[in-house]
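What follows is a set of notes on a single structure, which appears directly below.
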Amino acid sequence: MTTKASAQPPLRRKFKRVWNYRYILMMVLPVIALLIVFSYVPMLGNVLAFKEFSIRRGIWNSDWVGLKYFRQLWGMPQFWSVFSNQLIISFMKLMIGFPYPIVLALLINEVRSPKIRRSYQTAYTFPHFLSWIVIAGIIKGFLADQGLVNQMLLALNASKHRIFNDGDQFRVMLYLTEVWKEGGWNSILYLATLSTINPSLYEAAEIDGAGRWQKILYITWPGLYSTAAILLILSVGNVLSGGFDQIINLYNSVVMQKADIIDTYIYRTAISAGSNYSFATAVGLFKSVINVALLIIANTAVRRMGQEGIL
Amino acid sequence: MKRLIAALLLLAILLPFMPAGLAEEPTTISIALWEVDPTFVDANDAVYEFLCDKFNIRIDPIAMTWDDYTEKVNTWVATDDMPDIFNIDMIGNNMKTLNMWVNEELVKPLPEDMSAYPNLQKILSLPDVSMTKMKDRFWSIPRCKADLSGYGWVAQSGCYYRKDWAEQLGLEVPTNLDEFIEFARALVNGDPDGNGVNDTIGMTSFDAGFLVAYIWPAIEKMPFGTWQTDENGDPYVAVNAEHTYEAALLVRQLYNEGIIDPDIAFQDTDAGFNKFASNKAAILPFQLYQNDHYIFDKFSALYPDKKLEDMIGYLLPIPNKYDGNYYYTNMTNYWSEMYISYKVDDAKMEKILQLVDYCASEEYMDIIRFGLEGVDYRREGDEIVFLTEDGQRPNLLQKYPFLNGFSFLSVWNEGQMFFDYATNYPYSAEIINEYFDWVSVNGKPKVVSYDYTMIQTPLRDMYVDQAQELLYQFMFSGSQGDPEAEWQELQDRLAANGLYEMVEEVGQAAREARGE
């Protein structure tokens, strides 16, 4: 026996489904438009990496030059120095920045008083809403030679730290300030996931004599695991893109050799120099290709570990 | 008949409006210039109105700051959205991009016959300015010092110090490098602000460049990374001249000892002035002119009961350790250039050139110095008589805000400082006049060659100059490691970056240009 719906032609059936969900689909439309306008259309500009850009003739009428700028890029010692800086800084940010929101979410989740929990959450989330230019001013005020931190060190008869003049200390400062700014915000997703865990599981565990640590280990963490896997894939896929706003506002000539990353390099070669647009596009495209490769690798790894990927 | 009456009536109605209708509409010229504020252009400003009436123009000021002008101009050009006039330092700084602008004709060349603009013609005929031609045309108006005597940049590497602190500690004004180091050290360690804490900074500045420019020539007469010509007539870049290492080592030692501001490499440009004015720093190497805003306003506000001449002193250049010369900044007659958008039509181009020519004239310089004739002053023979009640020069920058930004539209007017520097602080003018009188007689220009400025080769096109950042890393990282090894590493990096191949190619191009 066939139903009335299945007797309809497939196209009409599909149209009817769309019609049924029309309000939900309409809500998605702005997001799709946003993605098309700001993410997909600009991708067409990547063609500039293979052209000799002429401002008067525009992107489409400029002459093709093949892989000229990629060859130039691979032959430049500065680029590889920048590339290695990017890998080191991003990797370390991932190492510190990825587990931090998970730990933070677990800790906040353990706070019993809802008022105190909300206060913590607000305090940790707030820095996310400050721009890096504001934060850079605060950090310089705190860490400069006559800043608060050095004055406190002096008061304690300790020696001053010159973080902005030492490449290695500067990098550590980058990791820590990134975690401070974004850790609270990134923990929101984990906190939302934690709220979906069935409280009866905790009750049952308590009856079975489980302590707090055991409840975290056997109930909370398994509940967070798949969310963490997805966020890890997204973080790995973005590993060569992060840090522009932070570094451009904080670095200086002294630490340039250890702090210059791909995006700051692109900014200097294209926007500050006022030419090299094709070269800068080639750098950006190269970075995106590596990012996609890393995304696929991370996705495959996560799926092999038995979790759902994003692709 | 009715039609005739109707036509006459219509004519009678329109007649009063005819002159206005036939009059030429003023041309609006958009101008991007450093630190201009839209409020500078005000219909109540008599100087602005005078220029508008004279050329039948209006000015649309486009703001750009010293921090963002490069990015702004490049973005305007790349997006085909440039103002009619924009200013930037491309020559000798970013020739690759300038070549692109010229090849694509994104900027308008100046007319070949400039005889209608005598002041500009005079500037363009200067030997170093005439070298800026590309494809046998001028594509910009280089911004020269109003004073073309060759001493225009004498006071660029000046140095202020806290006179009251030095006197309080019984210090003599230093006359050589050793004395200078002892002087700075005594100020750092003598707690001159009397707060009981050893927290006085010896030297700070607007940026590290000004600070290095003052100390460096005490040992090495060639500024680091500048182009030079050897005895065979070939170019080289001064990254390892006879005393370069020693000069860099001295700065490094002063930094490590705490005499140089630990934050000098990264602080905001205003921070050095604030430290100097707020009892935190003792010595401030900086240009000696146009410092009302940077220095004298701050001191006046913070110490209203004290005399500026009791608090602020200036130091002469430190004589070179090896040849005893007092070196001052040597630059081309110009720094930065004015470009005109390719979108400007011929009629507007004419207006722009008339305006720019006038702003380079002696007549306009007199406005900057004395105000409007008949309003602010009158001439009695060679003498200027101010028409204020007390016979003193009025505060022109306050009276005519337009002059705050547009006094240097065509030329750097601080060249006028040698005669009548328009400042609110007579002591500031006194300092600069004394300094100029002494250094222009006893000093020598630092050694730099500008012969290679316009030569562009494929390797120079691709070359990314890292010299300054590597030098700053050597001097300002606080490293306690082996300086010789670090210096060698710096030299190796410069070599790996392709410096010497690029210089060789430029030399080859220079020889070809000379027909060798």
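Labels for the structure tokens follow display order: chains A, B, ..., residues from 1 in each chain, ligands from 1.
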
Practice prompt. Write out as a list of chain:residue names the residues lying within 6 Å of segment 448-463 of chain B, counting only C-alpha atoms and excluding same-chain residues fewer than 5 positions away.
Written response: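 Returned residues: B:Gly92, B:Lys96, B:Trp227, B:Gln228, B:Met502.
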
Could those residues be written to a file, using C-alpha atoms, as a CSV table (one decimal), in the first residue's frame?
```csv
chain,number,residue,atom,x,y,z
B,92,GLY,CA,63.8,56.5,-1.3
B,96,LYS,CA,58.5,49.8,-6.0
B,227,TRP,CA,73.7,54.2,1.2
B,228,GLN,CA,77.3,55.2,0.8
B,502,MET,CA,71.1,43.7,-4.2
```

Item to complete: Find the residues of chain B in contact range of chain A, meaning any atom within 9 Å when counting only C-alpha atoms, and list them as a ChimeraX atom specification.
Response: /B:70-75,77-80,94,96-98,100-101,104-106,199,261-263,265-267,464,468-479,496-497

Worksheet item: Quick one: distance from atom CA of Lys351 of chain B to atom CA of Ile57 of chain B in Å, one decimal?
Response: 7.8 Å

Practice prompt. Please identify all polymer residues within 8 Å of Phe402 of chain B, counting only C-alpha atoms, omitting same-chain residues fewer than 6 positions from it, and present them as a PyMOL selection string.
Written response: chain B and resi 40-42+45+47-48

Next, dump the selected residues to file, keeping only N, CA and C atoms, as a JSON list (two decimals), in the first residue's frame.
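Final output, result.json:
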```json
[["chain", "number", "residue", "atom", "x", "y", "z"],
["B", 40, "PHE", "N", 39.90, 72.60, 11.46],
["B", 40, "PHE", "CA", 40.85, 73.61, 11.00],
["B", 40, "PHE", "C", 40.26, 74.45, 9.86],
["B", 41, "VAL", "N", 39.33, 73.81, 9.13],
["B", 41, "VAL", "CA", 38.74, 74.51, 7.99],
["B", 41, "VAL", "C", 37.42, 75.10, 8.45],
["B", 42, "ASP", "N", 37.43, 76.38, 8.70],
["B", 42, "ASP", "CA", 36.27, 77.04, 9.27],
["B", 42, "ASP", "C", 36.06, 78.36, 8.53],
["B", 45, "ASP", "N", 37.60, 81.44, 9.85],
["B", 45, "ASP", "CA", 39.06, 81.56, 9.88],
["B", 45, "ASP", "C", 39.49, 82.46, 8.73],
["B", 47, "VAL", "N", 42.36, 83.36, 7.53],
["B", 47, "VAL", "CA", 43.41, 82.88, 6.61],
["B", 47, "VAL", "C", 42.81, 81.90, 5.60],
["B", 48, "TYR", "N", 41.97, 81.01, 6.10],
["B", 48, "TYR", "CA", 41.32, 80.04, 5.20],
["B", 48, "TYR", "C", 40.45, 80.78, 4.17]]
```

Practice prompt. Could you tell me how far atom CA of Gln508 of chain B lies from atom CA of Tyr334 of chain B, in Å and to one decimal?
Written response: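 So the answer is 26.7 Å.
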
Fill in: Selection: 10 Å around Ile340 of chain B, only C-alpha atoms, excl. self and same-chain fewer than 2 positions, as a ChimeraX atom specification
/B:31,82-87,106-110,139-141,338,342-344,349,352-353

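Taking atom CA of Asp268 of chain B as the reference point, atom CA of Ala208 of chain B is found at 10.9 Å.
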
Discussion item. When you count only C-alpha atoms, which of these residues is closest to Trp132 of chain A: A:Leu153, A:Ile247, A:Ala280, A:Met26?
Written reply: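 Result for the nearest residue to Trp132 of chain A: A:Ile247.
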
12 Å contact set for Tyr69 of chain A, only C-alpha atoms, chain neighbours under 2 positions out, as a CSV table (one decimal) with C-alpha atoms, in the first residue's frame:
```csv
chain,number,residue,atom,x,y,z
A,47,VAL,CA,42.8,34.5,-8.4
A,48,LEU,CA,45.0,37.5,-7.7
A,49,ALA,CA,47.7,35.1,-6.5
A,50,PHE,CA,48.1,34.0,-10.1
A,51,LYS,CA,48.0,37.5,-11.7
A,52,GLU,CA,50.1,40.6,-11.9
A,53,PHE,CA,47.7,43.0,-10.2
A,64,TRP,CA,48.2,36.0,-15.6
A,65,VAL,CA,51.6,35.2,-14.3
A,66,GLY,CA,51.1,31.5,-13.2
A,67,LEU,CA,52.9,30.5,-10.1
A,71,ARG,CA,57.9,30.5,-6.4
A,72,GLN,CA,59.0,33.9,-5.0
A,73,LEU,CA,57.3,33.0,-1.7
A,74,TRP,CA,59.0,29.6,-1.4
A,75,GLY,CA,62.4,31.2,-2.2
A,76,MET,CA,62.2,33.9,0.5
A,276,ASN,CA,52.8,43.3,-3.6
A,277,TYR,CA,49.0,42.6,-3.5
A,278,SER,CA,49.5,39.5,-5.7
A,279,PHE,CA,52.3,38.2,-3.5
A,280,ALA,CA,50.3,38.8,-0.3
A,281,THR,CA,47.3,37.0,-1.9
A,282,ALA,CA,49.6,34.1,-2.7
A,283,VAL,CA,50.8,34.0,1.0
A,284,GLY,CA,47.1,34.0,2.1
A,285,LEU,CA,46.1,31.3,-0.3
A,286,PHE,CA,49.1,29.1,0.7
B,462,MET,CA,62.1,42.3,-4.0
```

Discussion item. Ranking A:Asn198, A:Lys115, A:Leu234, A:Ile261 by minimum distance to Ile297 of chain A and counting only C-alpha atoms, which one comes first?
Written reply: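 With only C-alpha atoms as the atom set, the closest residue is A:Leu234.
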
Practice prompt. Excluding Asp128 of chain B and residues on its chain fewer than 4 positions from it, collect all residues at most 8 Å away from it, counting only C-alpha atoms, and give them as a list in words.
Written response: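 These residues fall inside the cut-off: Thr132, Thr332 and Asn333 of chain B.
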
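Distance annotation: of B:Asp465, B:Pro401, B:Ile283, B:Met64, the residue with the minimal separation from Glu49 of chain B is B:Pro401; atom set is only C-alpha atoms.
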
Worksheet entry | Shell around Glu362 of chain B at 10 Å using only C-alpha atoms, local window under 4 positions removed, as a PyMOL selection string | chain B and resi 119+146+358+366-368

Export of prior selection with N, CA and C atoms as a compact mmCIF listing (two decimals), in the first residue's frame:
```
# COMPACT_ATOMS: atom_id res chain seq x y z
N ASN B 119 57.27 79.54 -7.63
CA ASN B 119 57.80 79.00 -6.37
C ASN B 119 58.03 77.49 -6.47
N ALA B 146 61.48 75.15 3.98
CA ALA B 146 61.34 76.50 3.46
C ALA B 146 62.72 77.15 3.34
N TYR B 358 51.31 79.08 -4.23
CA TYR B 358 51.17 80.21 -3.30
C TYR B 358 51.64 79.81 -1.90
N ASP B 366 55.04 84.73 5.25
CA ASP B 366 54.80 85.90 6.10
C ASP B 366 53.49 85.75 6.88
N ILE B 367 52.49 85.16 6.24
CA ILE B 367 51.23 84.93 6.95
C ILE B 367 51.47 83.99 8.13
N ILE B 368 52.26 82.94 7.87
CA ILE B 368 52.54 81.98 8.95
C ILE B 368 53.30 82.64 10.08
```
